[in-house]
Amino acid sequence: MAQLRSNRKGSVDGDNADVQLRQLPYPYQAMLAICSDLDETPDRDVYWEIMRFLNTTEETAMGPGVGLEVGNSFYFDMPSDQFAYWNTDDAGREMVRTLIRSGHIDCLHSYGDLATTRQHAIRALDELDRNNCKLEVWIDHGTAATNFDSTIMQGHGDEIGHEAYHADLTISYGIKYVWRARVTSVTGQDIPAHLGGIFQWNHPIASGRTLLKETAKRKLARKGNQKYAMHGPNETLRPTFLRDKSPVYEFMRCNPHWGGVTSCEQGRQIGNVLNDEFLNRLVEREGTCILYTHLGKIDDPNVPFNKKAVQAFRWLGEEFYSGRILVTTTRRLLGYRRAVREITFNSTCEKKGLCINLNTYVDESHLGELPDVDLSGLTFYVSDPQETYLKINGQDFLSLKVNDPDYTGRPSVSLPWIRLQFPKS
């Protein structure tokens, strides 16, 4: 696995000014993924209505959809009162498969509470393979036996010899990114951590407790504590190994609520999290955020989101369409952050202008017109965009975008950000 490394500036031959990699896709000042665990989602109808509201502008039970790009998760083996792949009907399973193929289901939320053996994992993976359904993100769930975290989530999924061991199969299937219960209260990752905004004078006891907990996590991280290792550098992801030595990227989620990482992490209360204060702080800090929540935990299955939640998503829509916050799926945010950290580049003066030579782990054989999903949105500040072109792993990239100056006053070029297409109803 490649080492994570930051490349804010590439080398330049000749008299050209430095080419600088913009940390976020143009023109955005922040990046957000709403990463929802589907716990307690009652049925496929609620699941679909939530997804339609978030991803389309169609009329829904909550009014017109907000037209964002929001993913979701699923699992296989669960009690009958919760929506899950083996619990639902044929139409529900086809819905799941369709949303996986479109990229709107991008996370496997363990194999479920009732999946306790390797055979449960084999059955699920066979179903995914047979239907050409590819997933790369794993999220531990509750205290499911197939979890990877052995402390908070009490998992055995990467414990060789345990009846629930499956990591070798799951990683071979294609899982690359793993969440093992690490959540931060810090608003904005991939930037220096700042604890401002956690303490609230109108909630001094609860918010003070949250602030102390976050401070303690950071101190423990600096002392080498592995449980809180990700809280130290405040990065979205890091390369690591499971207990069976399988290489993965571990990622961290965020819940910025003053009450702590388990406060208001539900669809019925998300209006208390996605508020102006949080969104403005995320933009001001120019950070990324994978938001920890459970959108299916609602009060009314006929109208899944209450008025406060609906208004919160409409505010988020305004932030996206104004060019301030790029809202995307968990998988796309993780892939983008990995690309930003792992690419290398330099620039050279050629007869037809300034050439940015980009080197990446991505297979370049299909990149003549459109970028790979991980490279989508990559942006470089340059002095003369009109006289700049790009090579990816030595191959000309033909669809480089020329951008007007952003809020910094600097012009740039970028690879197009290609939005996912939500399936038709």
# chains A, B, ... in the order shown; residues from 1 in each chain; ligands from 1
>>> residues_around(residues="range 287-304 of chain A", least_positions_apart="6", cutoff="9 Å", atoms="only C-alpha atoms", output="PyMOL selection string")
chain A and resi 24+29-43+45-47+49-50+60-62+72+183+187-191+236+251-256+261-262+264-270+281+329-330+333-334+337
>>> write_last_selection(atoms="N, CA and C atoms", output="compact mmCIF listing (two decimals), in the first residue's frame")
# COMPACT_ATOMS: atom_id res chain seq x y z
N LEU A 24 -9.25 21.16 -2.22
CA LEU A 24 -10.65 20.81 -2.46
C LEU A 24 -11.00 21.11 -3.91
N GLN A 29 -15.19 25.39 -0.81
CA GLN A 29 -14.34 25.72 0.33
C GLN A 29 -14.43 24.66 1.43
N ALA A 30 -15.28 23.66 1.25
CA ALA A 30 -15.40 22.56 2.20
C ALA A 30 -15.99 21.37 1.47
N MET A 31 -15.90 20.20 2.11
CA MET A 31 -16.38 18.96 1.49
C MET A 31 -17.06 18.14 2.57
N LEU A 32 -18.25 17.61 2.28
CA LEU A 32 -19.05 16.92 3.29
C LEU A 32 -19.69 15.67 2.70
N ALA A 33 -19.59 14.57 3.44
CA ALA A 33 -20.35 13.35 3.13
C ALA A 33 -21.25 13.04 4.32
N ILE A 34 -22.52 12.83 4.05
CA ILE A 34 -23.44 12.39 5.10
C ILE A 34 -23.37 10.87 5.11
N CYS A 35 -22.74 10.32 6.13
CA CYS A 35 -22.48 8.88 6.21
C CYS A 35 -23.47 8.26 7.18
N SER A 36 -24.53 7.69 6.65
CA SER A 36 -25.65 7.22 7.46
C SER A 36 -25.64 5.72 7.63
N ASP A 37 -25.66 5.26 8.89
CA ASP A 37 -25.91 3.86 9.19
C ASP A 37 -27.42 3.65 9.16
N LEU A 38 -27.88 2.56 8.55
CA LEU A 38 -29.32 2.41 8.33
C LEU A 38 -30.06 1.80 9.51
N ASP A 39 -29.44 1.68 10.67
CA ASP A 39 -30.08 1.09 11.85
C ASP A 39 -31.51 1.59 12.04
N GLU A 40 -32.42 0.65 12.27
CA GLU A 40 -33.82 0.91 12.60
C GLU A 40 -34.63 1.51 11.45
N THR A 41 -34.08 1.55 10.24
CA THR A 41 -34.90 1.93 9.09
C THR A 41 -36.00 0.89 8.94
N PRO A 42 -37.27 1.28 8.97
CA PRO A 42 -38.34 0.28 9.08
C PRO A 42 -38.57 -0.57 7.83
N ASP A 43 -38.44 0.02 6.64
CA ASP A 43 -38.73 -0.77 5.43
C ASP A 43 -38.15 -0.08 4.21
N ASP A 45 -39.65 1.25 1.68
CA ASP A 45 -40.34 2.46 1.25
C ASP A 45 -39.75 3.70 1.92
N VAL A 46 -39.49 3.61 3.22
CA VAL A 46 -38.86 4.72 3.94
C VAL A 46 -37.45 4.97 3.41
N TYR A 47 -36.71 3.89 3.21
CA TYR A 47 -35.34 4.00 2.70
C TYR A 47 -35.33 4.73 1.36
N GLU A 49 -37.69 6.69 0.01
CA GLU A 49 -38.18 8.07 0.10
C GLU A 49 -37.10 9.00 0.63
N ILE A 50 -36.33 8.53 1.62
CA ILE A 50 -35.21 9.32 2.12
C ILE A 50 -34.20 9.59 1.01
N THR A 60 -41.65 14.77 -3.02
CA THR A 60 -41.63 13.67 -2.06
C THR A 60 -42.60 13.97 -0.93
N ALA A 61 -42.68 13.07 0.02
CA ALA A 61 -43.55 13.28 1.19
C ALA A 61 -43.11 14.49 2.00
N MET A 62 -41.88 14.93 1.78
CA MET A 62 -41.33 16.08 2.53
C MET A 62 -41.21 17.32 1.66
N ASN A 72 -25.73 5.90 1.11
CA ASN A 72 -26.36 5.22 2.23
C ASN A 72 -25.67 3.87 2.42
N VAL A 183 -14.90 8.44 16.08
CA VAL A 183 -15.70 9.63 15.82
C VAL A 183 -15.08 10.80 16.58
N THR A 187 -14.84 19.98 14.25
CA THR A 187 -15.41 20.34 12.95
C THR A 187 -14.29 20.49 11.93
N GLY A 188 -14.30 19.65 10.90
CA GLY A 188 -13.34 19.75 9.81
C GLY A 188 -12.11 18.90 10.02
N GLN A 189 -11.90 17.94 9.08
CA GLN A 189 -10.70 17.13 9.10
C GLN A 189 -9.79 17.51 7.93
N ASP A 190 -8.58 16.91 7.94
CA ASP A 190 -7.54 17.19 6.94
C ASP A 190 -7.03 18.62 7.03
N ILE A 191 -7.19 19.18 8.19
CA ILE A 191 -6.68 20.50 8.57
C ILE A 191 -6.26 20.38 10.04
N THR A 236 -8.80 12.50 7.75
CA THR A 236 -9.96 11.68 7.40
C THR A 236 -9.61 10.21 7.36
N PHE A 251 -10.91 5.12 8.34
CA PHE A 251 -11.37 6.51 8.29
C PHE A 251 -12.12 6.87 9.56
N MET A 252 -12.21 8.17 9.77
CA MET A 252 -12.84 8.72 10.97
C MET A 252 -14.06 9.54 10.56
N ARG A 253 -15.11 9.44 11.37
CA ARG A 253 -16.30 10.25 11.14
C ARG A 253 -16.38 11.36 12.19
N CYS A 254 -17.30 12.27 11.96
CA CYS A 254 -17.44 13.43 12.83
C CYS A 254 -18.90 13.65 13.21
N ASN A 255 -19.12 13.97 14.48
CA ASN A 255 -20.41 14.51 14.92
C ASN A 255 -20.09 15.76 15.73
N PRO A 256 -20.34 16.94 15.18
CA PRO A 256 -19.93 18.18 15.85
C PRO A 256 -20.87 18.66 16.94
N VAL A 261 -20.37 12.80 20.62
CA VAL A 261 -20.42 12.12 19.32
C VAL A 261 -21.65 11.23 19.16
N THR A 262 -22.35 10.90 20.24
CA THR A 262 -23.57 10.10 20.13
C THR A 262 -24.83 10.93 20.32
N CYS A 264 -27.78 13.39 18.99
CA CYS A 264 -28.53 13.85 17.81
C CYS A 264 -28.01 13.20 16.52
N GLU A 265 -27.50 11.97 16.60
CA GLU A 265 -27.00 11.28 15.41
C GLU A 265 -28.10 10.43 14.79
N GLN A 266 -29.27 11.10 14.57
CA GLN A 266 -30.45 10.42 14.05
C GLN A 266 -31.19 11.32 13.09
N GLY A 267 -31.96 10.69 12.20
CA GLY A 267 -32.74 11.46 11.26
C GLY A 267 -33.71 12.40 11.93
N ARG A 268 -34.29 11.98 13.06
CA ARG A 268 -35.27 12.82 13.76
C ARG A 268 -34.64 14.06 14.40
N GLN A 269 -33.29 14.05 14.55
CA GLN A 269 -32.62 15.16 15.23
C GLN A 269 -31.51 15.80 14.40
N ILE A 270 -31.40 15.45 13.14
CA ILE A 270 -30.28 15.95 12.35
C ILE A 270 -30.35 17.46 12.14
N ARG A 281 -18.78 27.12 10.09
CA ARG A 281 -17.47 26.80 10.66
C ARG A 281 -16.69 25.86 9.74
N THR A 329 -20.81 11.42 -1.67
CA THR A 329 -20.93 10.18 -0.92
C THR A 329 -19.66 9.93 -0.11
N THR A 330 -19.77 9.02 0.83
CA THR A 330 -18.61 8.65 1.65
C THR A 330 -17.49 8.08 0.77
N LEU A 333 -15.76 10.87 -1.23
CA LEU A 333 -14.92 11.73 -0.40
C LEU A 333 -13.63 11.01 -0.02
N LEU A 334 -13.73 9.74 0.38
CA LEU A 334 -12.54 8.98 0.75
C LEU A 334 -11.60 8.82 -0.43
N ARG A 337 -9.84 12.16 -1.06
CA ARG A 337 -8.80 12.45 -0.08
C ARG A 337 -7.58 11.55 -0.28
>>> select_by_dssp(residues="range 62-224 of chain A", states="helix (DSSP H, G or I)", output="ChimeraX atom specification")
/A:90-102,118-130,167-173,204-222
>>> closest_residue(among="A:Gln119, A:Ser150, A:Ser246, A:Ser399", to="Glu163 in chain A", atoms="only C-alpha atoms")
A:Gln119
>>> atom_distance(atom1="CA of Leu211 in chain A", atom2="CA of Ile198 in chain A")
6.0 Å
>>> closest_residue(among="A:Leu114, A:Leu108, A:Ile343, A:Leu282", to="Gly196 in chain A", atoms="only C-alpha atoms")
A:Leu282
>>> select_by_dssp(residues="range 132-328 of chain A", states="strand (DSSP E)", output="tab-separated table (two decimals) with C-alpha atoms, in the first residue's frame")
chain	number	residue	atom	x	y	z
A	137	VAL	CA	-16.45	0.93	2.23
A	138	TRP	CA	-17.05	-1.09	5.40
A	139	ILE	CA	-18.67	0.34	8.55
A	177	TYR	CA	-11.94	1.67	3.51
A	178	VAL	CA	-12.91	0.62	7.03
A	179	TRP	CA	-14.61	2.49	9.90
A	183	VAL	CA	-15.70	9.63	15.82
A	184	THR	CA	-14.50	13.16	16.55
A	237	LEU	CA	-8.10	8.46	6.65
A	238	ARG	CA	-4.88	6.60	7.29
A	239	PRO	CA	-3.33	3.36	5.98
A	240	THR	CA	-3.27	0.61	8.56
A	241	PHE	CA	-3.71	-3.14	8.99
A	247	PRO	CA	-4.07	-3.72	4.51
A	248	VAL	CA	-6.88	-1.16	4.65
A	249	TYR	CA	-7.51	2.56	4.95
A	250	GLU	CA	-9.18	3.40	8.22
A	251	PHE	CA	-11.37	6.51	8.29
A	253	ARG	CA	-16.30	10.25	11.14
A	254	CYS	CA	-17.44	13.43	12.83
A	288	THR	CA	-13.68	17.94	5.06
A	289	CYS	CA	-16.25	16.04	7.10
A	290	ILE	CA	-17.74	12.55	7.05
A	291	LEU	CA	-20.83	13.14	9.16
A	292	TYR	CA	-21.86	10.34	11.52
A	293	THR	CA	-25.61	9.79	11.62
A	325	ILE	CA	-19.69	22.99	0.27
A	326	LEU	CA	-19.26	20.00	-2.04
A	327	VAL	CA	-21.70	17.35	-0.84
A	328	THR	CA	-20.91	13.83	-1.99
>>> residues_around(residues="His141 in chain A", least_positions_apart="3", cutoff="10 Å", atoms="only C-alpha atoms", output="JSON, numbers by chain")
{"A": [37, 38, 39, 75, 108, 109, 110, 111, 112, 113, 138, 144, 145, 146, 147, 148, 149, 153, 154, 155, 179, 180, 181]}
>>> atom_distance(atom1="CA of Lys424 in chain A", atom2="CA of Thr57 in chain A")
11.9 Å
